[in-house]
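So this block is target.cif, mmCIF, C-alpha atoms and all ligand atoms:
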```
data_upload
loop_
_atom_site.label_atom_id
_atom_site.label_comp_id
_atom_site.auth_asym_id
_atom_site.auth_seq_id
_atom_site.Cartn_x
_atom_site.Cartn_y
_atom_site.Cartn_z
CA MET A 291 -10.18 15.70 17.81
CA LEU A 292 -13.19 13.89 16.41
CA ARG A 293 -15.66 15.95 18.44
CA LEU A 294 -14.31 19.07 16.80
CA TYR A 295 -15.99 17.86 13.65
CA LEU A 296 -19.14 16.44 15.14
CA THR A 297 -20.34 18.90 17.76
CA SER A 298 -22.28 22.03 16.90
CA SER A 299 -19.33 24.18 17.96
CA ALA A 300 -17.39 22.68 15.04
CA ARG A 301 -19.68 23.89 12.26
CA PRO A 302 -17.36 26.64 11.01
CA LEU A 303 -14.54 24.08 10.74
CA VAL A 304 -16.70 21.69 8.74
CA ARG A 305 -17.61 24.54 6.40
CA SER A 306 -14.00 25.57 5.95
CA LEU A 307 -13.01 22.03 5.07
CA ALA A 308 -15.93 21.63 2.72
CA THR A 309 -14.90 24.68 0.76
CA HIS A 310 -11.21 23.98 1.00
CA ALA A 311 -10.77 23.62 -2.75
CA THR A 312 -11.78 27.23 -3.30
CA SER A 313 -10.57 29.07 -0.17
CA SER A 314 -7.41 28.93 1.90
CA SER A 315 -8.16 26.97 5.05
CA PRO A 316 -7.43 28.61 8.39
CA ILE A 317 -6.82 25.17 9.91
CA PRO A 318 -3.16 24.14 9.75
CA PRO A 319 -2.73 20.51 8.66
CA VAL A 320 -1.88 18.46 11.74
CA THR A 321 -0.49 14.92 11.86
CA ARG A 322 -0.79 13.14 15.22
CA HIS A 323 1.28 10.17 16.32
CA THR A 324 -0.51 9.45 19.58
CA TRP A 325 -3.90 7.89 19.06
CA LYS A 326 -6.06 6.00 21.53
CA LYS A 327 -7.79 2.95 20.11
CA GLU A 328 -11.17 4.40 21.20
CA GLU A 329 -10.52 7.53 19.15
CA VAL A 330 -9.80 5.49 16.03
CA LYS A 331 -12.87 3.36 16.72
CA GLU A 332 -15.05 6.47 17.14
CA ILE A 333 -13.97 7.66 13.69
CA TYR A 334 -14.45 4.20 12.14
CA ASP A 335 -17.96 3.89 13.64
CA SER A 336 -19.18 7.34 12.59
CA PRO A 337 -22.05 7.52 10.06
CA LEU A 338 -20.58 6.32 6.77
CA LEU A 339 -21.31 9.41 4.67
CA ASP A 340 -19.99 11.72 7.41
CA LEU A 341 -16.89 9.55 7.59
CA VAL A 342 -16.32 9.72 3.82
CA PHE A 343 -16.97 13.47 3.77
CA ARG A 344 -14.50 14.06 6.57
CA ALA A 345 -11.89 11.80 4.95
CA ALA A 346 -12.32 13.62 1.63
CA SER A 347 -11.86 16.95 3.44
CA VAL A 348 -8.67 15.79 5.19
CA HIS A 349 -7.41 14.41 1.89
CA ARG A 350 -7.87 17.79 0.18
CA GLN A 351 -6.21 19.59 3.07
CA HIS A 352 -3.05 17.47 3.02
CA GLN A 353 -2.62 16.17 -0.53
CA ASP A 354 -3.64 16.76 -4.13
CA HIS A 355 -6.78 14.63 -4.27
CA SER A 356 -6.79 14.56 -8.07
CA LYS A 357 -3.58 12.48 -8.19
CA ILE A 358 -3.36 8.68 -8.06
CA GLN A 359 -0.03 6.89 -7.81
CA LEU A 360 0.29 4.10 -10.37
CA CYS A 361 2.48 1.21 -9.25
CA THR A 362 3.27 -2.00 -11.13
CA LEU A 363 4.17 -5.26 -9.43
CA MET A 364 6.48 -8.03 -10.56
CA ASN A 365 6.87 -11.40 -8.90
CA ILE A 366 10.62 -11.96 -9.11
CA LYS A 367 10.63 -15.21 -7.13
CA SER A 368 7.41 -17.14 -6.98
CA GLY A 369 6.12 -19.79 -4.55
CA GLY A 370 7.86 -22.27 -2.27
CA CYS A 371 7.76 -19.93 0.74
CA THR A 372 8.25 -21.53 4.15
CA GLU A 373 5.83 -19.15 5.93
CA ASP A 374 2.25 -20.19 6.71
CA CYS A 375 0.33 -16.95 5.91
CA SER A 376 -3.13 -18.49 5.58
CA TYR A 377 -4.18 -16.26 2.66
CA CYS A 378 -1.16 -16.83 0.45
CA SER A 379 -0.91 -18.82 -2.77
CA GLN A 380 2.90 -18.87 -2.43
CA SER A 381 3.20 -20.73 0.88
CA SER A 382 4.70 -24.21 0.50
CA ARG A 383 2.37 -25.38 3.30
CA TYR A 384 -0.66 -25.37 0.99
CA THR A 385 -1.37 -27.03 -2.32
CA THR A 386 -2.19 -24.20 -4.70
CA ALA A 387 -1.82 -23.58 -8.43
CA THR A 388 1.31 -21.45 -7.86
CA LYS A 389 4.55 -23.23 -8.72
CA ALA A 390 7.86 -22.45 -7.05
CA SER A 391 10.38 -20.69 -9.30
CA ARG A 392 13.95 -19.40 -9.04
CA LEU A 393 14.84 -15.73 -8.80
CA VAL A 394 14.38 -14.19 -12.26
CA ASP A 395 17.24 -12.62 -14.23
CA LEU A 396 17.94 -8.92 -14.49
CA GLU A 397 16.87 -8.39 -18.12
CA PRO A 398 13.19 -9.48 -17.79
CA VAL A 399 12.92 -7.20 -14.77
CA LEU A 400 14.25 -4.21 -16.71
CA GLU A 401 11.93 -5.01 -19.59
CA ALA A 402 8.92 -5.14 -17.25
CA ALA A 403 9.96 -1.88 -15.57
CA ARG A 404 10.35 -0.14 -18.94
CA LYS A 405 6.92 -1.34 -20.01
CA ALA A 406 5.42 -0.15 -16.72
CA LYS A 407 7.00 3.27 -17.16
CA GLU A 408 5.82 3.53 -20.77
CA ASN A 409 2.31 2.83 -19.56
CA GLY A 410 2.41 5.57 -16.95
CA SER A 411 3.45 3.72 -13.77
CA THR A 412 5.91 5.71 -11.68
CA ARG A 413 6.60 3.03 -9.05
CA PHE A 414 7.84 -0.50 -9.74
CA CYS A 415 7.57 -3.07 -6.95
CA MET A 416 9.39 -6.42 -6.94
CA GLY A 417 8.14 -9.21 -4.67
CA ALA A 418 9.91 -12.40 -3.62
CA ALA A 419 8.20 -15.25 -1.77
CA TRP A 420 10.73 -15.52 1.04
CA ARG A 421 10.61 -15.53 4.81
CA ASP A 422 13.88 -13.58 4.84
CA LEU A 423 17.18 -13.20 2.99
CA ALA A 424 19.19 -15.64 5.12
CA GLY A 425 21.58 -17.67 2.94
CA ARG A 426 20.69 -15.72 -0.20
CA LYS A 427 23.85 -13.63 -0.65
CA ARG A 428 24.01 -13.99 -4.46
CA GLY A 429 20.29 -13.51 -4.87
CA PHE A 430 20.43 -10.38 -2.74
CA GLU A 431 23.28 -8.96 -4.84
CA LYS A 432 21.20 -9.57 -7.96
CA ILE A 433 18.28 -7.77 -6.37
CA LEU A 434 20.50 -4.82 -5.42
CA GLU A 435 21.45 -4.53 -9.10
CA MET A 436 17.76 -4.65 -10.12
CA VAL A 437 17.08 -1.82 -7.66
CA ARG A 438 19.99 0.27 -9.00
CA GLN A 439 18.90 -0.11 -12.61
CA VAL A 440 15.18 0.51 -12.10
CA ARG A 441 15.97 3.56 -9.96
CA GLY A 442 18.24 4.70 -12.78
CA MET A 443 15.16 4.81 -15.04
CA GLY A 444 13.76 7.56 -12.83
CA MET A 445 11.13 5.32 -11.25
CA GLU A 446 10.39 4.86 -7.57
CA VAL A 447 11.52 1.34 -6.65
CA CYS A 448 9.90 -0.83 -4.01
CA THR A 449 10.68 -4.37 -2.92
CA THR A 450 8.97 -6.89 -0.65
CA LEU A 451 11.36 -9.70 0.24
CA GLY A 452 10.25 -10.79 3.72
CA MET A 453 12.13 -9.92 6.91
CA LEU A 454 15.18 -7.64 6.68
CA SER A 455 18.11 -7.00 9.01
CA PRO A 456 19.27 -3.39 9.57
CA GLU A 457 22.36 -4.11 7.42
CA GLN A 458 20.28 -5.47 4.52
CA ALA A 459 18.03 -2.40 4.75
CA ARG A 460 21.10 -0.16 4.63
CA GLN A 461 22.39 -1.93 1.49
CA LEU A 462 19.00 -1.59 -0.21
CA LYS A 463 18.97 2.12 0.61
CA GLU A 464 22.46 2.53 -0.82
CA ALA A 465 21.34 0.80 -4.04
CA GLY A 466 18.57 3.41 -4.37
CA LEU A 467 15.52 1.64 -2.96
CA THR A 468 12.66 4.10 -2.45
CA ALA A 469 10.25 1.99 -0.40
CA TYR A 470 9.94 -1.41 1.27
CA ASN A 471 6.61 -3.22 1.63
CA HIS A 472 6.11 -5.22 4.80
CA ASN A 473 2.53 -5.41 6.01
CA LEU A 474 1.26 -5.84 9.55
CA ASP A 475 -1.75 -7.41 7.80
CA THR A 476 -4.22 -7.15 10.70
CA SER A 477 -4.54 -6.28 14.40
CA ARG A 478 -2.07 -7.63 16.94
CA GLU A 479 -4.91 -9.62 18.54
CA PHE A 480 -6.14 -11.34 15.35
CA TYR A 481 -2.70 -11.87 13.79
CA PRO A 482 -1.97 -15.29 15.43
CA GLN A 483 -5.05 -16.72 13.71
CA VAL A 484 -3.59 -15.79 10.32
CA ILE A 485 0.16 -16.44 10.59
CA THR A 486 2.08 -18.48 13.14
CA THR A 487 5.59 -18.66 11.66
CA ARG A 488 6.51 -14.98 12.13
CA SER A 489 5.44 -12.78 15.05
CA TYR A 490 3.86 -9.34 14.98
CA ASP A 491 6.93 -7.98 16.77
CA GLU A 492 9.24 -9.47 14.12
CA ARG A 493 7.21 -7.60 11.50
CA LEU A 494 7.62 -4.39 13.50
CA GLN A 495 11.39 -4.98 13.74
CA THR A 496 11.69 -5.15 9.93
CA ILE A 497 9.61 -1.99 9.62
CA ASP A 498 11.92 -0.25 12.14
CA ALA A 499 15.02 -1.38 10.19
CA VAL A 500 13.53 0.00 6.96
CA ARG A 501 12.63 3.35 8.54
CA GLU A 502 16.00 3.67 10.24
CA ALA A 503 17.80 3.05 6.93
CA GLY A 504 15.93 6.06 5.50
CA ILE A 505 13.72 3.96 3.20
CA SER A 506 10.03 4.83 2.91
CA VAL A 507 7.81 2.34 4.70
CA CYS A 508 4.88 0.70 2.89
CA SER A 509 2.87 -1.17 5.51
CA GLY A 510 -0.81 -1.94 5.61
CA GLY A 511 -3.16 -4.84 5.77
CA ILE A 512 -5.56 -7.27 4.28
CA LEU A 513 -9.31 -7.36 4.82
CA GLY A 514 -11.58 -10.36 4.52
CA LEU A 515 -9.46 -12.68 6.67
CA GLY A 516 -12.42 -13.21 9.02
CA GLU A 517 -11.40 -10.24 11.16
CA SER A 518 -13.88 -7.96 12.96
CA ASP A 519 -14.33 -4.19 12.77
CA SER A 520 -12.29 -4.02 15.96
CA ASP A 521 -9.35 -5.72 14.17
CA ARG A 522 -9.54 -3.24 11.30
CA VAL A 523 -9.45 -0.45 13.87
CA GLY A 524 -6.59 -2.26 15.64
CA LEU A 525 -4.49 -2.33 12.44
CA ILE A 526 -4.93 1.43 11.89
CA PHE A 527 -4.22 2.06 15.58
CA GLU A 528 -0.86 0.23 15.25
CA VAL A 529 0.39 2.27 12.31
CA ALA A 530 -1.06 5.51 13.72
CA ASN A 531 1.26 5.26 16.72
CA MET A 532 4.45 4.47 14.83
CA PRO A 533 7.21 7.09 15.31
CA GLU A 534 6.62 8.09 11.68
CA HIS A 535 3.50 7.09 9.79
CA PRO A 536 4.23 4.73 6.90
CA GLU A 537 4.59 6.72 3.69
CA SER A 538 2.23 4.17 2.17
CA PHE A 539 -0.61 2.06 3.61
CA PRO A 540 -1.87 -0.71 1.29
CA VAL A 541 -5.40 -1.98 1.81
CA ASN A 542 -5.73 -5.45 0.28
CA ALA A 543 -9.06 -7.26 -0.05
CA LEU A 544 -8.56 -11.01 0.27
CA VAL A 545 -8.37 -12.80 -3.06
CA PRO A 546 -9.45 -16.28 -1.95
CA ILE A 547 -6.92 -18.80 -3.22
CA PRO A 548 -8.08 -22.40 -3.74
CA GLY A 549 -6.02 -24.71 -1.53
CA THR A 550 -5.39 -22.15 1.24
CA PRO A 551 -7.19 -22.22 4.61
CA LEU A 552 -9.12 -19.06 3.64
CA GLU A 553 -10.31 -20.33 0.25
CA ASN A 554 -14.00 -20.20 1.27
CA ASN A 555 -13.98 -16.85 3.07
CA GLU A 556 -16.80 -14.44 2.30
CA PRO A 557 -15.66 -11.22 0.58
CA VAL A 558 -15.13 -8.28 2.91
CA PRO A 559 -18.30 -6.12 2.88
CA PHE A 560 -17.72 -3.05 0.71
CA HIS A 561 -18.76 -0.66 3.51
CA ALA A 562 -16.02 -2.15 5.74
CA LEU A 563 -13.45 -1.53 2.98
CA VAL A 564 -14.61 2.09 2.65
CA ARG A 565 -14.63 2.61 6.44
CA THR A 566 -11.08 1.27 6.65
CA ILE A 567 -9.82 3.51 3.84
CA ALA A 568 -11.58 6.62 5.19
CA THR A 569 -10.40 6.04 8.76
CA ALA A 570 -6.83 5.47 7.58
CA ARG A 571 -7.03 8.68 5.51
CA ILE A 572 -8.10 10.73 8.55
CA VAL A 573 -5.55 9.21 10.92
CA LEU A 574 -2.68 9.12 8.39
CA PRO A 575 -3.27 12.37 6.46
CA SER A 576 0.00 12.55 4.55
CA THR A 577 0.24 8.82 3.78
CA ILE A 578 -0.50 7.36 0.35
CA ILE A 579 -3.38 4.90 0.80
CA ARG A 580 -3.06 2.10 -1.71
CA LEU A 581 -6.12 0.25 -2.98
CA ALA A 582 -4.31 -3.05 -3.49
CA ALA A 583 -5.27 -6.70 -4.04
CA GLY A 584 -8.84 -7.47 -5.02
CA ARG A 585 -9.44 -4.09 -6.69
CA ASN A 586 -10.34 -5.78 -9.98
CA THR A 587 -13.42 -7.28 -8.27
CA LEU A 588 -14.78 -3.79 -7.46
CA SER A 589 -17.08 -1.95 -9.85
CA GLU A 590 -16.00 1.44 -11.16
CA PRO A 591 -18.40 3.36 -8.85
CA GLU A 592 -17.07 1.33 -5.91
CA GLN A 593 -13.50 2.23 -6.82
CA ALA A 594 -14.53 5.87 -7.19
CA MET A 595 -16.01 5.76 -3.67
CA CYS A 596 -12.66 4.41 -2.40
CA PHE A 597 -10.87 7.36 -4.09
CA MET A 598 -13.43 9.74 -2.56
CA ALA A 599 -12.70 8.19 0.85
CA GLY A 600 -9.00 8.94 0.39
CA ALA A 601 -7.37 6.09 -1.51
CA ASN A 602 -4.72 7.60 -3.79
CA ALA A 603 -2.68 4.73 -5.23
CA VAL A 604 -3.34 1.54 -7.15
CA PHE A 605 -1.45 -1.43 -8.51
CA THR A 606 -1.96 -1.48 -12.26
CA GLY A 607 -0.69 -3.65 -15.10
CA GLU A 608 -0.77 -7.24 -16.22
CA GLN A 609 -0.59 -9.09 -12.87
CA MET A 610 -0.43 -8.62 -9.13
CA LEU A 611 1.94 -11.34 -7.81
CA THR A 612 -0.10 -14.43 -8.60
CA THR A 613 -3.59 -12.94 -9.03
CA PRO A 614 -5.19 -10.70 -11.70
CA CYS A 615 -4.69 -6.96 -11.81
CA SER A 616 -6.67 -4.19 -13.50
CA PRO A 617 -4.83 -3.37 -16.72
CA TRP A 618 -3.31 0.03 -17.54
CA ASP A 619 -5.70 0.92 -20.37
CA GLU A 620 -8.80 0.28 -18.23
CA ASP A 621 -7.31 2.23 -15.33
CA LYS A 622 -6.35 5.18 -17.53
CA ALA A 623 -9.85 5.30 -19.04
CA MET A 624 -11.46 5.06 -15.59
CA MET A 625 -9.23 7.80 -14.20
CA GLY A 626 -10.06 10.04 -17.14
CA ARG A 627 -13.79 9.61 -16.46
CA TRP A 628 -13.38 10.65 -12.81
CA GLY A 629 -10.97 13.55 -13.39
CA LEU A 630 -7.98 11.77 -11.87
CA GLU A 631 -4.36 11.96 -13.05
CA GLY A 632 -1.27 9.85 -12.47
CA MET A 633 1.11 11.07 -9.77
CA GLN A 634 4.67 11.95 -10.78
CA SER A 635 7.46 9.90 -9.30
CA PHE A 636 8.76 11.35 -6.02
CA GLU A 637 5.77 13.71 -5.94
CA GLN A 638 4.70 12.75 -2.40
CA LYS A 639 6.19 15.45 -0.19
CA ARG A 640 7.34 13.17 2.62
CA LEU A 641 8.93 10.70 0.24
CA ASN A 642 10.61 13.48 -1.69
CA GLU A 643 12.11 14.83 1.54
CA LYS A 644 13.30 11.36 2.54
CA GLU A 645 15.05 10.98 -0.81
CA GLY A 646 16.69 14.40 -0.38
CA LEU A 647 15.22 15.42 -3.72
CA ARG A 648 13.64 18.73 -2.74
CA GLY A 649 13.51 20.93 -5.82
CA GLU A 650 14.84 18.19 -8.11
CA LYS A 651 12.82 17.63 -11.27
CA THR A 652 10.45 14.72 -10.93
CA VAL A 653 9.43 12.32 -13.68
CA LYS A 654 5.92 12.81 -14.94
CA SER A 655 3.82 9.68 -15.13
CA THR A 656 1.87 11.45 -17.81
CA GLU A 657 4.96 11.87 -20.01
CA THR A 658 4.29 8.55 -21.65
CA VAL A 659 0.61 8.18 -20.92
CA SER A 660 -2.01 8.75 -23.57
CA SER A 661 -3.51 12.21 -23.69
CA SER A 662 -6.86 10.79 -22.60
CA LEU A 663 -5.73 11.22 -18.97
N1 LIG B 701 7.07 -12.46 1.38
C1 LIG B 701 6.69 -11.09 1.33
C2 LIG B 701 5.98 -10.70 2.60
O1 LIG B 701 5.20 -11.48 3.14
O2 LIG B 701 6.22 -9.60 3.12
C3 LIG B 701 5.90 -10.96 0.07
C4 LIG B 701 4.89 -9.96 -0.09
S1 LIG B 701 3.29 -10.48 0.34
C5 LIG B 701 2.64 -11.29 -1.00
C6 LIG B 701 2.58 -8.90 0.48
C7 LIG B 701 1.19 -8.81 0.99
O3 LIG B 701 0.29 -9.18 -0.01
C8 LIG B 701 0.78 -9.63 2.19
O4 LIG B 701 1.26 -9.10 3.38
C9 LIG B 701 -0.73 -9.54 2.10
O5 LIG B 701 -1.21 -8.40 2.77
C10 LIG B 701 -0.96 -9.41 0.59
N2 LIG B 701 -1.52 -10.63 0.04
C11 LIG B 701 -0.89 -11.81 -0.16
N3 LIG B 701 -1.74 -12.73 -0.65
C12 LIG B 701 -2.95 -12.12 -0.75
C13 LIG B 701 -4.23 -12.55 -1.17
N4 LIG B 701 -4.47 -13.79 -1.55
N5 LIG B 701 -5.23 -11.66 -1.17
C14 LIG B 701 -5.01 -10.38 -0.80
N6 LIG B 701 -3.82 -9.93 -0.36
C15 LIG B 701 -2.81 -10.79 -0.34
C1 LIG B 702 0.61 -5.35 -0.90
O1 LIG B 702 0.19 -4.96 0.21
N1 LIG B 702 -0.13 -5.90 -1.83
C2 LIG B 702 0.66 -6.31 -2.95
C3 LIG B 702 2.05 -5.70 -2.61
N2 LIG B 702 1.87 -5.24 -1.29
C4 LIG B 702 3.25 -6.51 -2.76
C5 LIG B 702 0.64 -7.77 -3.15
C6 LIG B 702 -0.74 -8.30 -3.28
C7 LIG B 702 -0.68 -9.73 -3.60
C8 LIG B 702 -2.03 -10.28 -3.93
C9 LIG B 702 -2.04 -11.74 -4.09
C10 LIG B 702 -1.23 -12.27 -5.24
O2 LIG B 702 -1.25 -11.70 -6.34
O3 LIG B 702 -0.59 -13.31 -5.03
FE1 LIG B 703 5.57 -16.12 2.13
FE2 LIG B 703 4.96 -13.51 1.90
FE3 LIG B 703 3.22 -15.43 1.09
FE4 LIG B 703 3.65 -15.08 3.68
S1 LIG B 703 2.75 -13.57 2.27
S2 LIG B 703 3.60 -17.06 2.60
S3 LIG B 703 5.82 -14.55 3.70
S4 LIG B 703 5.21 -14.98 0.23
#
```

Let's see the structure in the file written out as structure tokens.
Ligand code: SAM
Ligand code: DTB
Ligand code: SF4
Amino acid sequence: MLRLYLTSSARPLVRSLATHATSSSPIPPVTRHTWKKEEVKEIYDSPLLDLVFRAASVHRQHQDHSKIQLCTLMNIKSGGCTEDCSYCSQSSRYTTATKASRLVDLEPVLEAARKAKENGSTRFCMGAAWRDLAGRKRGFEKILEMVRQVRGMGMEVCTTLGMLSPEQARQLKEAGLTAYNHNLDTSREFYPQVITTRSYDERLQTIDAVREAGISVCSGGILGLGESDSDRVGLIFEVANMPEHPESFPVNALVPIPGTPLENNEPVPFHALVRTIATARIVLPSTIIRLAAGRNTLSEPEQAMCFMAGANAVFTGEQMLTTPCSPWDEDKAMMGRWGLEGMQSFEQKRLNEKEGLRGEKTVKSTETVSSSL
């Protein structure tokens, strides 16, 4: 597949992709689910500008590259988590500035979701610092109500609550959950150096339960953990061979948290972030690639390069979970400068099909966004 683009016999294809915006491409969009690790590595290792060019071409062939999905996060249950994820401010194993809290009430959640919608976000994601939902029957019922009500506002609703059973996934789907975030975080090989309290296969089981319940899967990773290029390739290789590609692939850059084992890690080199995004874009052509944690440390031209390489979603608003987030007004102004617009809710074709919404009117993120977009 890669050689098609790199050998001299592929020149007409490269030209057709380059001019895709103005002519109808003769190449039908293809999504593969069987990738060899060497093939992913060959893409990742290709000359950086060729890689970005190819990713941008694939992006234009499969999706509207002028649209960015705006998602707002809310931490609905902070800290005190029993897991030992070595990057996380919310693990009870480390002494960090994050305090443990109880599950928040419904009203503040609805208020935050309304504010997010008014500011142009079309997805609202609620995170809880839990290993799983065992023994949390009342809390889970409260969360199901949060999901129902936020979905009722016409927003896409996502949660990240730790491990799920198939039955819990089914109940979330019934309540109207659009997507569930559960990251693989890194390659299978490097994973045991980052987390020991939950296995890679347990993560895959939750992802399977989510997919089988008909919920969109949001699963990606985190860079800057001390992993190698081969681990970044390994992460993409894992999701590339899933029976369905995740509808969304978040790429987090480690935000070093004082008190955690990774507090002194060096930032991930920017070229490695771009290579990861571009490779994911090529291998997962219809997936939304989410530029996630750490984005506020990137300059505007760096963010623009990530969008060029195929990133098409961001977290925006007042806060990530415990770390800073780029605010709506800055993001809207930046997007305006680069000719980017907010995605409507349920605009992603695969997600729309999963929700059985084909033809149904979607909610415009721009409805409530300033005309500067
Ligand atoms: N308990 C849920 C779980 O682990 O699935 C909660 C969501 S957890 C905070 C979601 C993801 O955020 C993690 O898998 C990791 O990729 C990312 N993340 C957490 N802390 C981070 C940090 N300090 N820097 C960057 N990304 C981080
Ligand atoms: C994801 O991959 N990144 C988001 C979302 N999914 C839930 C969370 C990032 C958290 C960053 C660290 C913090 O704010 O605590
Ligand atoms: Fe707990 Fe999630 Fe943080 Fe891991 S990433 S310690 S599971 S809150």

Do a neighbour search on Leu611 (chain A) at 9 Å with only C-alpha atoms, toss out local chain neighbours closer than 2 positions, and write the hits as a count of residues only. 11

For Arg322 (chain A), which residue among A:Trp628, A:Phe597, A:Phe605, A:Phe527 is the nearest when counting all atoms listed in the file? A:Phe527

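Using all atoms listed in the file, the nearest neighbour of Pro533 (chain A) within the list A:Ala465, A:Leu494, A:Val604, A:Ala562 is A:Leu494.
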
Nearest residue to Gln495 (chain A) from the set A:Thr321, A:Asn473, A:Thr385, A:Thr449 (distances using all atoms listed in the file): A:Asn473

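Taking all atoms listed in the file into account, the protein and nucleic acid residues that come at most 6 Å from ligand LIG 702 (chain B) are Ser379, Gly417, Asn471, Pro540, Asn542, Ala582, Ala583, Met610, Leu611, Thr612 and Thr613 of chain A.
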
Next, the residues of the selection above should be written as a compact mmCIF listing (two decimals), in the frame of the given file with C-alpha atoms.
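In the end it all went to part-v8.txt:
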```
# COMPACT_ATOMS: atom_id res chain seq x y z
CA SER A 379 -0.91 -18.82 -2.77
CA GLY A 417 8.14 -9.21 -4.67
CA ASN A 471 6.61 -3.22 1.63
CA PRO A 540 -1.87 -0.71 1.29
CA ASN A 542 -5.73 -5.45 0.28
CA ALA A 582 -4.31 -3.05 -3.49
CA ALA A 583 -5.27 -6.70 -4.04
CA MET A 610 -0.43 -8.62 -9.13
CA LEU A 611 1.94 -11.34 -7.81
CA THR A 612 -0.10 -14.43 -8.60
CA THR A 613 -3.59 -12.94 -9.03
```

Would you pick out the contacts of Phe539 (chain A) at 7 Å or less, using only C-alpha atoms, so that residues sharing its chain but fewer than 3 positions from it are not included, and give the list as a ChimeraX atom specification? /A:508-510,536,577-580

Every residue with an atom at most 7 Å from (-3.8, -14.5, -1.1) (file coordinates; only C-alpha atoms) is what I'm after, so could you write them as a PyMOL selection string? chain A and resi 377-379+544-547

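Compared by their closest atoms to ligand LIG 703 (chain B), and using only C-alpha atoms and all ligand atoms, the residues A:Lys639, A:Arg488, A:His352, A:Lys407 rank with A:Arg488 nearest.
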
Long-range neighbours of Lys326 (chain A) as a list in words, 12 Å cut-off, all atoms listed in the file, 6 positions minimum in chain: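 Neighbouring residues, sequence-local ones excluded: Met291, Leu292, Glu332, Ile333, Val523, Gly524, Ile526, Phe527, Glu528, Val529, Ala530, Asn531 and Val573 of chain A.
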
Under the rule of at most 8 Å, produce a per-residue listing of chain A near ligand LIG 703 (chain B): chain, number, name, the closest pair of atoms, and the distance in Å, as a Markdown table, using only C-alpha atoms and all ligand atoms.
```
| residue | atom | partner | partner_atom | distance |
| --- | --- | --- | --- | --- |
| A:Ser368 | CA | B:LIG703 | S4 | 7.8 |
| A:Gly369 | CA | B:LIG703 | S4 | 6.8 |
| A:Gly370 | CA | B:LIG703 | FE1 | 7.9 |
| A:Cys371 | CA | B:LIG703 | FE1 | 4.6 |
| A:Thr372 | CA | B:LIG703 | FE1 | 6.4 |
| A:Glu373 | CA | B:LIG703 | S2 | 4.5 |
| A:Asp374 | CA | B:LIG703 | S2 | 5.3 |
| A:Cys375 | CA | B:LIG703 | FE4 | 4.4 |
| A:Ser376 | CA | B:LIG703 | S2 | 7.5 |
| A:Tyr377 | CA | B:LIG703 | S1 | 7.4 |
| A:Cys378 | CA | B:LIG703 | FE3 | 4.6 |
| A:Ser379 | CA | B:LIG703 | FE3 | 6.6 |
| A:Gln380 | CA | B:LIG703 | FE3 | 4.9 |
| A:Ser381 | CA | B:LIG703 | S2 | 4.1 |
| A:Ser382 | CA | B:LIG703 | S2 | 7.5 |
| A:Ala418 | CA | B:LIG703 | S4 | 6.6 |
| A:Ala419 | CA | B:LIG703 | S4 | 3.6 |
| A:Trp420 | CA | B:LIG703 | FE1 | 5.3 |
| A:Arg421 | CA | B:LIG703 | S3 | 5.0 |
| A:Leu451 | CA | B:LIG703 | FE2 | 7.6 |
| A:Gly452 | CA | B:LIG703 | S3 | 5.8 |
| A:Ile485 | CA | B:LIG703 | FE4 | 7.9 |
```

Rounded to one decimal, what separation in Å do you get between CA of Asn602 (chain A) and CA of Ile358 (chain A)?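 Between CA of Asn602 (chain A) and CA of Ile358 (chain A) the gap is 4.6 Å.
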